[in-house]
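Have a look at data.cif below; it lists mmCIF, C-alpha atoms.
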```cif
data_input
#
loop_
_atom_site.label_atom_id
_atom_site.label_comp_id
_atom_site.auth_asym_id
_atom_site.auth_seq_id
_atom_site.Cartn_x
_atom_site.Cartn_y
_atom_site.Cartn_z
CA MET A 838 -49.52 50.10 -38.88
CA SER A 839 -47.23 47.06 -38.85
CA ASP A 840 -48.46 43.52 -39.52
CA ASP A 841 -47.85 42.58 -35.88
CA ALA A 842 -49.75 45.63 -34.60
CA GLU A 843 -52.72 44.78 -36.82
CA ALA A 844 -52.60 41.16 -35.66
CA ILE A 845 -52.56 42.24 -32.00
CA LEU A 846 -55.69 44.35 -32.49
CA ASP A 847 -57.33 41.48 -34.39
CA VAL A 848 -56.59 39.09 -31.51
CA ALA A 849 -57.93 41.55 -28.95
CA ARG A 850 -61.16 42.10 -30.90
CA ARG A 851 -61.75 38.37 -31.42
CA VAL A 852 -61.11 37.63 -27.76
CA LYS A 853 -63.43 40.44 -26.65
CA SER A 854 -66.19 39.19 -28.96
CA ALA A 855 -65.86 35.76 -27.36
CA GLY A 856 -66.24 37.20 -23.88
CA GLY A 857 -62.59 37.47 -22.85
CA ARG A 858 -59.94 40.15 -22.55
CA ALA A 859 -56.51 40.25 -24.19
CA LEU A 860 -53.69 42.25 -22.57
CA LEU A 861 -50.14 42.93 -23.70
CA VAL A 862 -47.56 42.28 -21.00
CA GLY A 863 -43.81 42.07 -20.45
CA GLY A 864 -41.13 43.51 -22.68
CA CYS A 865 -43.55 44.73 -25.34
CA VAL A 866 -45.06 47.08 -22.73
CA ARG A 867 -41.80 47.90 -20.96
CA ASP A 868 -39.69 48.72 -24.02
CA PRO A 869 -41.88 51.52 -25.47
CA LEU A 870 -41.86 53.16 -22.03
CA LEU A 871 -38.07 53.21 -22.34
CA GLY A 872 -38.21 54.63 -25.86
CA ARG A 873 -37.36 51.27 -27.44
CA ILE A 874 -39.14 49.39 -30.21
CA PRO A 875 -40.22 45.88 -29.16
CA LYS A 876 -39.40 42.99 -31.48
CA ASP A 877 -41.85 40.45 -30.09
CA PHE A 878 -45.12 40.56 -28.22
CA ASP A 879 -46.70 38.60 -25.37
CA ILE A 880 -50.48 38.57 -24.90
CA GLU A 881 -52.29 37.15 -21.90
CA VAL A 882 -55.96 36.26 -22.37
CA TYR A 883 -58.40 36.31 -19.47
CA GLY A 884 -61.84 34.75 -19.44
CA LEU A 885 -61.35 32.04 -22.10
CA ASP A 886 -60.19 28.48 -21.48
CA PRO A 887 -57.41 27.08 -23.68
CA GLU A 888 -59.68 25.15 -26.05
CA ARG A 889 -62.01 28.11 -26.53
CA LEU A 890 -59.05 30.43 -27.13
CA LYS A 891 -57.60 28.04 -29.66
CA ALA A 892 -60.92 27.91 -31.53
CA VAL A 893 -61.28 31.70 -31.53
CA LEU A 894 -57.77 32.34 -32.84
CA SER A 895 -57.84 29.56 -35.44
CA GLU A 896 -60.61 31.43 -37.25
CA GLY A 897 -58.15 34.16 -38.23
CA PHE A 898 -54.66 32.76 -37.79
CA ARG A 899 -52.50 29.75 -38.42
CA LEU A 900 -51.46 28.51 -35.00
CA ASP A 901 -48.32 26.90 -33.60
CA LEU A 902 -49.22 25.20 -30.31
CA VAL A 903 -46.64 25.14 -27.52
CA GLY A 904 -46.89 23.80 -23.98
CA ALA A 905 -49.35 21.72 -22.01
CA SER A 906 -53.04 22.04 -22.87
CA PHE A 907 -52.22 24.56 -25.56
CA GLY A 908 -51.42 27.11 -22.85
CA VAL A 909 -49.12 29.04 -25.16
CA ILE A 910 -50.07 29.74 -28.75
CA LYS A 911 -47.78 31.26 -31.34
CA LEU A 912 -49.31 33.06 -34.29
CA HIS A 913 -47.61 31.75 -37.40
CA GLY A 914 -45.91 34.53 -39.38
CA HIS A 915 -45.93 36.92 -36.41
CA ASP A 916 -43.66 37.49 -33.40
CA ILE A 917 -46.66 37.12 -31.11
CA ASP A 918 -47.25 34.62 -28.28
CA VAL A 919 -50.72 34.26 -26.78
CA ALA A 920 -51.06 32.62 -23.36
CA ILE A 921 -53.56 31.83 -20.64
CA PRO A 922 -52.69 33.04 -17.09
CA ARG A 923 -51.31 30.14 -15.12
CA ARG A 924 -50.64 28.87 -11.64
CA GLU A 925 -47.31 27.10 -11.14
CA THR A 926 -46.23 24.57 -8.52
CA LYS A 927 -42.51 23.97 -7.99
CA LEU A 928 -41.77 20.25 -8.24
CA GLY A 929 -38.00 20.00 -8.26
CA LEU A 930 -34.75 21.40 -9.56
CA GLY A 931 -34.32 23.39 -12.71
CA HIS A 932 -36.01 25.99 -14.83
CA LYS A 933 -38.64 23.61 -16.16
CA ALA A 934 -39.50 21.68 -13.00
CA PHE A 935 -42.97 23.15 -12.61
CA GLU A 936 -46.50 21.81 -12.75
CA MET A 937 -48.60 24.35 -14.63
CA GLU A 938 -52.32 24.87 -14.35
CA TYR A 939 -53.82 27.34 -16.80
CA ASP A 940 -56.54 29.39 -15.13
CA PRO A 941 -58.39 31.96 -17.26
CA SER A 942 -60.29 33.15 -14.17
CA LEU A 943 -57.09 34.22 -12.40
CA SER A 944 -57.01 37.91 -11.46
CA ILE A 945 -54.49 40.16 -13.18
CA GLU A 946 -52.76 40.86 -9.86
CA ASP A 947 -52.41 37.15 -9.07
CA ALA A 948 -51.21 36.39 -12.60
CA ALA A 949 -48.65 39.20 -12.37
CA ALA A 950 -47.39 37.78 -9.08
CA ARG A 951 -45.90 34.85 -11.04
CA ARG A 952 -43.77 37.17 -13.18
CA ASP A 953 -40.15 38.01 -12.36
CA PHE A 954 -39.70 41.78 -12.00
CA THR A 955 -42.15 44.63 -11.55
CA ILE A 956 -41.00 46.28 -14.79
CA ASN A 957 -42.14 43.14 -16.61
CA ALA A 958 -45.50 43.01 -14.83
CA ILE A 959 -47.06 46.03 -16.52
CA TYR A 960 -50.09 45.36 -18.76
CA ARG A 961 -51.64 47.35 -21.59
CA ASP A 962 -55.02 46.88 -23.23
CA PRO A 963 -54.42 47.21 -27.01
CA LEU A 964 -58.05 48.24 -27.59
CA THR A 965 -58.20 51.05 -25.05
CA ASP A 966 -54.52 51.76 -24.28
CA GLU A 967 -55.35 51.37 -20.58
CA VAL A 968 -52.24 50.58 -18.55
CA ILE A 969 -52.66 48.17 -15.63
CA ASP A 970 -49.81 48.19 -13.12
CA PRO A 971 -50.65 45.97 -10.12
CA TRP A 972 -47.08 45.87 -8.73
CA ASN A 973 -45.92 49.48 -9.31
CA GLY A 974 -43.67 48.64 -12.23
CA LEU A 975 -44.10 52.12 -13.72
CA ARG A 976 -42.67 53.69 -10.58
CA ASP A 977 -39.72 51.31 -10.58
CA LEU A 978 -39.12 51.89 -14.28
CA GLU A 979 -39.09 55.64 -13.75
CA ARG A 980 -36.66 55.29 -10.85
CA ARG A 981 -34.64 52.66 -12.71
CA VAL A 982 -35.09 50.10 -9.92
CA LEU A 983 -34.96 46.35 -10.47
CA ARG A 984 -37.41 44.85 -7.98
CA HIS A 985 -38.86 41.34 -7.79
CA VAL A 986 -42.64 41.03 -7.89
CA SER A 987 -43.39 38.53 -5.13
CA PRO A 988 -41.92 35.67 -3.07
CA HIS A 989 -42.61 33.41 -6.06
CA PHE A 990 -39.45 34.95 -7.53
CA THR A 991 -37.27 32.38 -5.79
CA GLU A 992 -38.93 29.46 -7.58
CA ASP A 993 -36.93 30.06 -10.76
CA PRO A 994 -33.16 30.63 -10.38
CA LEU A 995 -32.84 31.72 -14.01
CA ARG A 996 -34.29 35.03 -12.83
CA VAL A 997 -30.96 35.91 -11.22
CA LEU A 998 -29.28 35.87 -14.62
CA ARG A 999 -32.24 37.70 -16.12
CA GLY A 1000 -31.63 40.35 -13.50
CA MET A 1001 -27.98 40.49 -14.55
CA GLN A 1002 -28.81 41.23 -18.17
CA PHE A 1003 -31.66 43.65 -17.33
CA VAL A 1004 -29.31 45.69 -15.14
CA ALA A 1005 -26.80 45.81 -17.99
CA ARG A 1006 -29.36 46.68 -20.67
CA PHE A 1007 -31.57 49.21 -18.93
CA GLY A 1008 -29.33 51.00 -16.45
CA LEU A 1009 -31.15 49.60 -13.41
CA LYS A 1010 -30.08 49.35 -9.79
CA ALA A 1011 -31.24 46.26 -7.95
CA TRP A 1012 -33.34 46.77 -4.81
CA SER A 1013 -31.68 45.44 -1.69
CA GLY A 1014 -34.57 43.04 -1.01
CA THR A 1015 -34.18 41.52 -4.46
CA VAL A 1016 -30.44 41.20 -3.94
CA GLY A 1017 -31.10 39.37 -0.68
CA LEU A 1018 -33.42 36.87 -2.37
CA CYS A 1019 -30.91 36.27 -5.18
CA ARG A 1020 -28.20 35.46 -2.63
CA LYS A 1021 -30.39 32.68 -1.24
CA MET A 1022 -30.83 31.10 -4.67
CA THR A 1023 -28.49 28.75 -6.53
CA PRO A 1024 -28.32 27.72 -10.19
CA GLU A 1025 -30.01 24.47 -9.21
CA GLY A 1026 -30.18 22.27 -12.26
CA LEU A 1027 -30.30 25.20 -14.67
CA ALA A 1028 -29.66 24.05 -18.23
CA ARG A 1029 -26.51 25.65 -19.56
CA GLU A 1030 -28.30 26.74 -22.72
CA ARG A 1031 -30.75 28.80 -20.66
CA GLN A 1032 -27.87 30.39 -18.77
CA PHE A 1033 -26.08 31.11 -22.02
CA ASP A 1034 -29.10 32.92 -23.44
CA GLU A 1035 -28.95 35.44 -20.59
CA TRP A 1036 -25.18 35.94 -20.96
CA ALA A 1037 -25.63 36.43 -24.70
CA LYS A 1038 -28.33 39.06 -24.17
CA MET A 1039 -26.09 40.95 -21.77
CA LEU A 1040 -23.13 40.92 -24.15
CA THR A 1041 -25.06 41.75 -27.32
CA LYS A 1042 -27.59 44.21 -25.85
CA GLY A 1043 -26.02 45.54 -22.65
CA VAL A 1044 -25.27 49.25 -22.46
CA SER A 1045 -23.35 48.98 -19.20
CA ILE A 1046 -22.11 45.40 -19.15
CA SER A 1047 -20.01 46.21 -16.11
CA ALA A 1048 -23.20 46.89 -14.16
CA GLY A 1049 -24.47 43.41 -15.06
CA LEU A 1050 -21.23 41.78 -13.91
CA ASN A 1051 -21.20 43.78 -10.70
CA PHE A 1052 -24.80 42.70 -10.06
CA LEU A 1053 -23.60 39.10 -10.37
CA LYS A 1054 -20.85 39.90 -7.89
CA ARG A 1055 -23.24 41.68 -5.51
CA VAL A 1056 -25.66 38.74 -5.38
CA GLU A 1057 -22.69 36.40 -4.87
CA TRP A 1058 -23.37 34.36 -7.99
CA VAL A 1059 -19.93 35.03 -9.41
CA ARG A 1060 -18.76 32.07 -7.32
CA TYR A 1061 -20.58 29.77 -9.72
CA TYR A 1062 -18.25 31.00 -12.47
CA PRO A 1063 -14.81 30.43 -10.90
CA GLU A 1064 -12.88 31.74 -13.92
CA LEU A 1065 -14.60 35.09 -13.38
CA ALA A 1066 -14.31 35.00 -9.59
CA ALA A 1067 -10.54 34.56 -9.91
CA LEU A 1068 -10.29 38.01 -11.53
CA ILE A 1069 -11.44 39.72 -8.35
CA ASN A 1070 -8.45 41.13 -6.44
CA CYS A 1071 -6.01 39.82 -9.04
CA ARG A 1072 -3.50 42.66 -9.02
CA GLN A 1073 -2.11 44.51 -12.02
CA ASP A 1074 0.80 46.89 -12.47
CA PRO A 1075 -0.68 50.31 -11.57
CA GLU A 1076 1.56 52.01 -14.11
CA TRP A 1077 -0.16 50.17 -16.97
CA HIS A 1078 -3.49 49.51 -15.28
CA PRO A 1079 -4.46 52.49 -13.13
CA GLU A 1080 -8.09 51.28 -13.15
CA GLY A 1081 -7.39 48.55 -10.59
CA ASP A 1082 -7.59 44.75 -10.50
CA VAL A 1083 -8.35 42.41 -13.40
CA TRP A 1084 -12.06 42.35 -12.54
CA LYS A 1085 -12.25 46.13 -12.84
CA HIS A 1086 -10.21 46.02 -16.06
CA THR A 1087 -12.51 43.41 -17.58
CA CYS A 1088 -15.56 45.50 -16.67
CA CYS A 1089 -14.02 48.57 -18.33
CA CYS A 1090 -13.15 46.53 -21.43
CA LEU A 1091 -16.70 45.22 -21.75
CA ASP A 1092 -18.18 48.71 -21.51
CA ALA A 1093 -15.79 49.81 -24.25
CA PHE A 1094 -16.88 46.82 -26.33
CA ALA A 1095 -20.53 47.79 -25.83
CA GLU A 1096 -19.78 51.20 -27.34
CA GLN A 1097 -18.23 49.69 -30.48
CA ARG A 1098 -20.70 46.85 -31.11
CA THR A 1099 -21.60 46.65 -34.78
CA GLY A 1100 -24.80 44.61 -34.62
CA ALA A 1101 -23.09 41.95 -36.72
CA ASP A 1102 -23.35 38.21 -36.15
CA ASP A 1103 -19.90 38.09 -34.58
CA ASP A 1104 -20.71 40.55 -31.77
CA LEU A 1105 -21.28 37.61 -29.45
CA ILE A 1106 -17.96 35.99 -30.41
CA VAL A 1107 -16.09 39.24 -29.82
CA GLY A 1108 -17.97 39.96 -26.59
CA LEU A 1109 -17.17 36.55 -25.16
CA ALA A 1110 -13.52 36.98 -26.10
CA VAL A 1111 -13.40 40.35 -24.33
CA LEU A 1112 -15.06 38.79 -21.26
CA CYS A 1113 -12.51 35.95 -21.20
CA HIS A 1114 -9.41 37.70 -22.52
CA ASP A 1115 -7.59 37.92 -19.18
CA PHE A 1116 -8.66 34.62 -17.66
CA GLY A 1117 -4.99 33.64 -17.77
CA LYS A 1118 -3.82 36.42 -15.44
CA PRO A 1119 -4.76 34.73 -12.15
CA LEU A 1120 -2.63 31.79 -13.30
CA THR A 1121 0.42 33.84 -14.26
CA THR A 1122 0.52 37.01 -12.16
CA PHE A 1123 3.54 37.50 -9.90
CA PHE A 1124 5.64 40.30 -8.46
CA ASP A 1125 8.93 40.63 -10.32
CA LYS A 1126 11.37 41.59 -7.57
CA ARG A 1127 14.12 42.51 -10.01
CA ARG A 1128 11.92 44.90 -11.99
CA ARG A 1129 9.82 45.76 -8.95
CA ARG A 1130 6.55 45.44 -10.81
CA ILE A 1131 3.59 43.09 -11.17
CA ARG A 1132 3.75 40.96 -14.30
CA SER A 1133 1.52 38.36 -15.99
CA LEU A 1134 3.83 36.73 -18.51
CA GLY A 1135 2.12 34.41 -20.98
CA HIS A 1136 -1.36 35.13 -19.67
CA ASP A 1137 -2.72 35.20 -23.21
CA GLU A 1138 -1.65 31.59 -23.87
CA LYS A 1139 -2.62 30.45 -20.37
CA GLY A 1140 -6.07 31.96 -20.83
CA VAL A 1141 -7.18 29.37 -23.37
CA GLU A 1142 -7.88 26.53 -20.92
CA PRO A 1143 -10.00 28.56 -18.44
CA THR A 1144 -11.82 30.15 -21.37
CA LEU A 1145 -12.85 26.74 -22.64
CA SER A 1146 -13.82 25.68 -19.12
CA PHE A 1147 -16.04 28.74 -18.71
CA LEU A 1148 -17.63 28.40 -22.14
CA LYS A 1149 -18.33 24.68 -21.79
CA ARG A 1150 -20.21 25.43 -18.60
CA LEU A 1151 -22.55 27.56 -20.71
CA THR A 1152 -22.76 26.01 -24.16
CA SER A 1153 -21.89 23.13 -26.43
CA GLU A 1154 -22.14 25.28 -29.56
CA GLU A 1155 -19.20 24.28 -31.73
CA ARG A 1156 -18.70 27.69 -33.28
CA ILE A 1157 -18.38 29.39 -29.88
CA LEU A 1158 -15.93 26.79 -28.56
CA ARG A 1159 -13.88 26.97 -31.76
CA GLU A 1160 -13.73 30.71 -32.43
CA VAL A 1161 -13.49 32.41 -29.03
CA PRO A 1162 -10.31 30.77 -27.58
CA PRO A 1163 -8.01 31.86 -30.46
CA LEU A 1164 -9.08 35.48 -29.91
CA VAL A 1165 -8.14 35.15 -26.24
CA GLN A 1166 -4.86 33.47 -27.12
CA CYS A 1167 -3.91 36.17 -29.61
CA HIS A 1168 -5.29 39.32 -27.97
CA MET A 1169 -1.78 40.67 -27.31
CA ARG A 1170 -0.47 39.97 -30.81
CA PRO A 1171 -1.52 43.21 -32.56
CA PHE A 1172 0.68 45.32 -30.32
CA GLY A 1173 3.59 42.90 -30.43
CA MET A 1174 3.42 42.60 -34.21
CA TRP A 1175 3.26 46.36 -34.60
CA LYS A 1176 6.37 46.84 -32.48
CA ALA A 1177 8.17 44.14 -34.47
CA LYS A 1178 6.80 45.50 -37.77
CA ALA A 1179 5.75 41.97 -38.65
CA GLY A 1180 5.71 40.91 -42.28
CA GLU A 1181 2.93 39.75 -44.57
CA SER A 1182 3.33 36.08 -43.70
CA ALA A 1183 2.82 36.75 -39.98
CA ILE A 1184 -0.33 38.76 -40.65
CA ARG A 1185 -1.77 36.07 -42.92
CA ARG A 1186 -1.04 33.42 -40.31
CA LEU A 1187 -2.63 35.52 -37.60
CA SER A 1188 -5.76 35.93 -39.71
CA ALA A 1189 -5.89 32.18 -40.34
CA GLN A 1190 -5.60 31.52 -36.61
CA VAL A 1191 -8.33 33.92 -35.45
CA GLY A 1192 -10.70 33.74 -38.43
CA GLY A 1193 -10.19 37.30 -39.65
CA VAL A 1194 -8.14 40.15 -38.22
CA ASP A 1195 -11.07 42.54 -37.75
CA ARG A 1196 -12.49 40.60 -34.79
CA LEU A 1197 -9.11 40.45 -33.09
CA ILE A 1198 -8.72 44.20 -33.59
CA ARG A 1199 -12.05 44.75 -31.84
CA VAL A 1200 -10.94 42.62 -28.88
CA ALA A 1201 -7.61 44.42 -28.69
CA ALA A 1202 -9.33 47.83 -28.98
CA ALA A 1203 -11.60 46.99 -26.04
CA ASP A 1204 -8.55 45.80 -24.07
CA ASP A 1205 -6.73 49.03 -24.87
CA ALA A 1206 -9.73 51.14 -23.84
CA GLY A 1207 -10.13 49.27 -20.56
CA ARG A 1208 -7.41 51.17 -18.72
CA PRO A 1209 -8.99 54.50 -17.76
CA PRO A 1210 -7.68 57.14 -17.48
CA PHE A 1211 -4.75 55.71 -19.45
CA PRO A 1212 -4.86 57.15 -23.00
CA ARG A 1213 -5.63 54.80 -25.84
CA GLU A 1214 -2.88 53.68 -28.23
CA PRO A 1215 -4.62 53.24 -31.60
CA ALA A 1216 -1.49 53.29 -33.78
CA ALA A 1217 -0.87 49.53 -33.56
CA LEU A 1218 -4.44 48.63 -34.43
CA GLU A 1219 -4.62 51.15 -37.26
CA TRP A 1220 -1.45 49.68 -38.72
CA LEU A 1221 -2.71 46.11 -38.47
CA ALA A 1222 -6.09 47.03 -39.94
CA SER A 1223 -4.41 48.75 -42.89
CA GLU A 1224 -2.08 45.83 -43.56
CA ALA A 1225 -4.87 43.27 -43.23
CA GLU A 1226 -7.01 45.28 -45.64
CA ARG A 1227 -4.14 45.42 -48.13
CA LEU A 1228 -3.61 41.67 -47.85
CA LYS A 1229 -7.37 41.01 -48.02
CA VAL A 1230 -7.41 39.11 -44.74
CA LYS A 1231 -9.21 41.65 -42.56
CA ASP A 1232 -12.73 40.23 -42.64
CA ALA A 1233 -11.94 36.52 -42.91
CA ALA A 1234 -9.11 34.04 -42.82
CA PRO A 1235 -7.33 33.50 -46.15
CA LYS A 1236 -9.36 31.04 -48.16
CA PRO A 1237 -7.24 28.09 -49.37
CA LEU A 1238 -6.41 28.45 -53.04
CA ILE A 1239 -6.11 24.68 -53.38
CA GLN A 1240 -8.78 22.28 -52.13
CA GLY A 1241 -9.37 18.56 -52.16
CA ARG A 1242 -11.34 18.67 -55.40
CA ASP A 1243 -8.27 20.09 -57.14
CA LEU A 1244 -6.23 17.07 -56.09
CA ILE A 1245 -8.92 14.72 -57.38
CA ALA A 1246 -9.00 16.61 -60.69
CA LEU A 1247 -5.27 15.96 -61.01
CA GLY A 1248 -5.89 12.23 -60.72
CA MET A 1249 -5.04 11.72 -57.09
CA GLU A 1250 -7.02 9.31 -54.94
CA PRO A 1251 -8.30 10.53 -51.56
CA GLY A 1252 -6.13 9.35 -48.71
CA VAL A 1253 -3.85 10.33 -45.85
CA SER A 1254 -1.58 12.28 -48.19
CA PHE A 1255 -4.44 14.62 -49.10
CA GLY A 1256 -4.31 16.44 -45.80
CA ARG A 1257 -0.51 16.71 -45.85
CA ILE A 1258 -0.42 18.12 -49.37
CA LEU A 1259 -3.22 20.60 -48.70
CA LYS A 1260 -1.45 21.73 -45.53
CA VAL A 1261 1.83 22.26 -47.39
CA CYS A 1262 0.01 24.30 -50.04
CA TYR A 1263 -1.80 26.43 -47.46
CA GLU A 1264 1.42 27.07 -45.55
CA ALA A 1265 3.06 28.18 -48.80
CA GLN A 1266 0.06 30.41 -49.48
CA LEU A 1267 0.34 32.03 -46.04
CA ASP A 1268 4.05 32.62 -46.66
CA GLY A 1269 3.25 34.32 -49.95
CA LYS A 1270 5.01 31.67 -52.04
CA ILE A 1271 1.72 30.74 -53.71
CA THR A 1272 -0.50 33.66 -54.66
CA THR A 1273 -2.72 32.14 -57.37
CA ARG A 1274 -4.53 28.89 -57.93
CA GLU A 1275 -2.38 28.22 -61.00
CA GLN A 1276 0.78 28.49 -58.95
CA GLY A 1277 -0.71 26.09 -56.43
CA LEU A 1278 -1.62 23.53 -59.10
CA SER A 1279 1.88 23.78 -60.54
CA ALA A 1280 3.36 23.11 -57.09
CA ILE A 1281 1.09 20.10 -56.62
CA ARG A 1282 2.18 18.63 -59.95
CA LYS A 1283 5.77 18.81 -58.77
CA ILE A 1284 4.84 17.19 -55.46
CA CYS A 1285 2.96 14.43 -57.26
CA TYR A 1286 5.83 13.89 -59.66
CA ASN A 1287 8.30 13.59 -56.81
CA LEU A 1288 6.02 11.12 -55.09
CA ASN A 1289 5.59 9.26 -58.36
CA ARG A 1290 1.83 9.54 -57.93
CA PHE A 1291 0.90 11.86 -60.76
CA LYS A 1292 -1.06 10.05 -63.44
#
```
Translate the structure of the given file into structure tokens.
Amino acid sequence: MSDDAEAILDVARRVKSAGGRALLVGGCVRDPLLGRIPKDFDIEVYGLDPERLKAVLSEGFRLDLVGASFGVIKLHGHDIDVAIPRRETKLGLGHKAFEMEYDPSLSIEDAAARRDFTINAIYRDPLTDEVIDPWNGLRDLERRVLRHVSPHFTEDPLRVLRGMQFVARFGLKAWSGTVGLCRKMTPEGLARERQFDEWAKMLTKGVSISAGLNFLKRVEWVRYYPELAALINCRQDPEWHPEGDVWKHTCCCLDAFAEQRTGADDDLIVGLAVLCHDFGKPLTTFFDKRRRRIRSLGHDEKGVEPTLSFLKRLTSEERILREVPPLVQCHMRPFGMWKAKAGESAIRRLSAQVGGVDRLIRVAAADDAGRPPFPREPAALEWLASEAERLKVKDAAPKPLIQGRDLIALGMEPGVSFGRILKVCYEAQLDGKITTREQGLSAIRKICYNLNRFK
């Protein structure tokens, strides 16, 4: 038995001895029913007020207290949250604009009515294994239906995006009544970080990401993400894109990405790049009368600005804003470089621009796979991967052989010239003119001598 499982039983026994009842609820009940292993656990405790619950748990656990009146308690060292059932009153805009009243006497059915979807309103008693299902979540889970629990659903607009990622992750189809409620809701005052969390879950855990996007389209929330909405009905040349418009292509690309996710830290970076990779097409698509075909010249370069606009609406995380746009900008390069049989310098420079060729290859592979039933063309990506591996720039950008501390060691004083010299050295390294640190130091000595600054 795992440490968390033992802790859950310990909590349930302590609560029972004190006159209450502890029930597992939410994802930790849902996921095992889907054959998945839960990573965290939510427990609701009935019959004990917050102070009494805190006293009972503190006898066996170190507690981290979260929320008003200690309504949510985290067990230190465990992925377990313990909470009191609560009543909520909507006060204003946003995900957090609620007045909460913790009520241990609340019935299970009334407590469940405050939850989002029926599949998340299933309870299990860890002591008896009794399953309590007041809103028929088991039936919906079996039928793969996403259904809201009660009219309280509309009080929290974040639930629309939760629906998006649940549809993508669990192969669910949204009930028409739930779709209707979602259409009446708006992202009123939702913090971008909360929105981003749901997008990240869809991209890193979704099995059918296209289903999540099409849910967003069906509930008419795609209009709140204009860069995405612009993809709908943006035409493509049917010879190269038999799958349809850019929206359909993006959906196909994301499903292909989901199949090749590695579980690595950069899955989110790659997934966002795949999502955004054709944001430039609505800005560049035209019908070429001379060639009698639809073209989108320069859409890779033009995609950078709308990508940043979309991402900034969701996050301020520097790494995301820095690393995703170059992948969008360069997503066509692997095929162009393969056709041109680009040299070592070009491959090193590409790696430096995108932070490692492997991520760009994954974006390009998803793009290539997003044209069903058009056959994939792996030759270009296999060539680039082989060359990048040979040049040791596949997994990361080339690390500068010469750094600021080397200049200081040579007797130079930090200043404006530092950056210029380091840039010249790195450019020479990318061109293959400098391949060792010693060669770089020798080049710097010459530069310093010419500038009459070497001491």
Evaluate the PyMOL selection byres ((chain A and resi 1278) around 10) and record the selected residues as a list in words, following the chain and residue labels used in the document.
Leu1238, Ile1239, Asp1243, Leu1244, Leu1247, Cys1262, Ile1271, Thr1273, Arg1274, Glu1275, Gln1276, Gly1277, Ser1279, Ala1280, Ile1281, Arg1282, Lys1283 and Ile1284 of chain A
Looking at all atoms listed in the file, which of A:Ile917, A:Leu1218, A:Leu998, A:Ala1005 is the one that sits closest to Ser1047 in chain A?
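Nearest candidate to Ser1047 in chain A out of A:Ile917, A:Leu1218, A:Leu998, A:Ala1005: A:Ala1005.
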Output of the PyMOL selection byres ((chain A and resi 1210) around 12), listed as a PyMOL selection string:
chain A and resi 1075-1081+1086+1089+1205-1209+1211-1213
Shell around Asn1070 in chain A at 8 Å using only C-alpha atoms, local window under 4 positions removed, as a PDB file with C-alpha atoms, keeping the file's coordinate frame:
```pdb
ATOM      1  CA  ASP A1082      -7.590  44.750 -10.500  1.00  0.00           C
ATOM      2  CA  VAL A1083      -8.350  42.410 -13.400  1.00  0.00           C
ATOM      3  CA  TRP A1084     -12.060  42.350 -12.540  1.00  0.00           C
TER       4      TRP A1084
END
```
Would you pick out the contacts of Ser987 in chain A at 9 Å or less, using all atoms listed in the file, so that residues sharing its chain but fewer than 2 positions from it are not included, and give the list as a list in words?
Ala949, Ala950, Arg951, Arg952, Asp953, Phe954, Thr955, Trp972, His985, His989, Phe990 and Thr991 of chain A
A straight line from CA of Arg1242 in chain A to CA of Gly1269 in chain A spans 22.1 Å
Given the file above and the PyMOL selection byres ((chain A and resi 1181) around 10), which residues are selected, and can you give them as a list in words?
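For this structure, the PyMOL selection byres ((chain A and resi 1181) around 10) resolves to Lys1178, Ala1179, Gly1180, Ser1182, Ala1183, Ile1184, Arg1185, Arg1186, Leu1187, Glu1224, Ala1225, Arg1227, Leu1228, Leu1267, Asp1268 and Gly1269 of chain A.
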Rank nothing, just name the residue among A:His915, A:Arg1130, A:His1136, A:Arg858 nearest to Ser839 in chain A, using all atoms listed in the file.
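Distance minimum relative to Ser839 in chain A lands on A:His915.
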For Leu1068 in chain A, which of A:Ala1177, A:Leu1120, A:Leu1105, A:Leu871 is the closest residue, counting all atoms listed in the file?
A:Leu1120
Which residue is closest to Gln1032 in chain A? Choose from A:Ile1046, A:Val1004, A:Leu1148, A:Ala1203 and count only C-alpha atoms.
A:Leu1148
Among the residues A:Glu1057, A:Asp1103, A:Glu1064, A:Asp1204, the one that comes closest to Pro1119 in chain A [using all atoms listed in the file]
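Nearest to Pro1119 in chain A: A:Glu1064.
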Suppose you want the space between CA of Lys1270 in chain A and CA of Pro1237 in chain A; what is it in Å?
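Computing it gives 13.0 Å between the two atoms.
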Which residue of A:Ile845, A:Cys1090, A:Ala1222, A:Val1191 approaches Val882 in chain A most closely, using all atoms listed in the file
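Result for the nearest residue to Val882 in chain A: A:Ile845.
The interatomic distance for the pair CA of Arg996 in chain A and CA of Gly1017 in chain A works out to 13.3 Å.
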Please provide the set of residues having any atom within 10 Å of Asp868 in chain A, restricted to only C-alpha atoms, with same-chain residues fewer than 6 positions apart removed, written as a ChimeraX atom specification.
/A:874-876,956-957,1007
Give me the residues near Val982 in chain A as JSON, numbers by chain, where near means some atom within 8 Å (using all atoms listed in the file) and where sequence neighbours in that chain fewer than 3 positions away do not count.
{"A": [977, 978, 979, 1009, 1010, 1011, 1012]}
Spatial neighbours of Lys911 in chain A, max dist 9 Å, only C-alpha atoms, sep filter under 6 positions, as a PDB file with C-alpha atoms, in the frame of the given file:
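File produced: out-v6.pdb:
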```pdb
ATOM      1  CA  ARG A 899     -52.500  29.750 -38.420  1.00  0.00           C
ATOM      2  CA  LEU A 900     -51.460  28.510 -35.000  1.00  0.00           C
ATOM      3  CA  ASP A 901     -48.320  26.900 -33.600  1.00  0.00           C
ATOM      4  CA  LEU A 902     -49.220  25.200 -30.310  1.00  0.00           C
ATOM      5  CA  VAL A 903     -46.640  25.140 -27.520  1.00  0.00           C
ATOM      6  CA  ILE A 917     -46.660  37.120 -31.110  1.00  0.00           C
ATOM      7  CA  ASP A 918     -47.250  34.620 -28.280  1.00  0.00           C
ATOM      8  CA  VAL A 919     -50.720  34.260 -26.780  1.00  0.00           C
ATOM      9  CA  ALA A 920     -51.060  32.620 -23.360  1.00  0.00           C
TER      10      ALA A 920
END
```
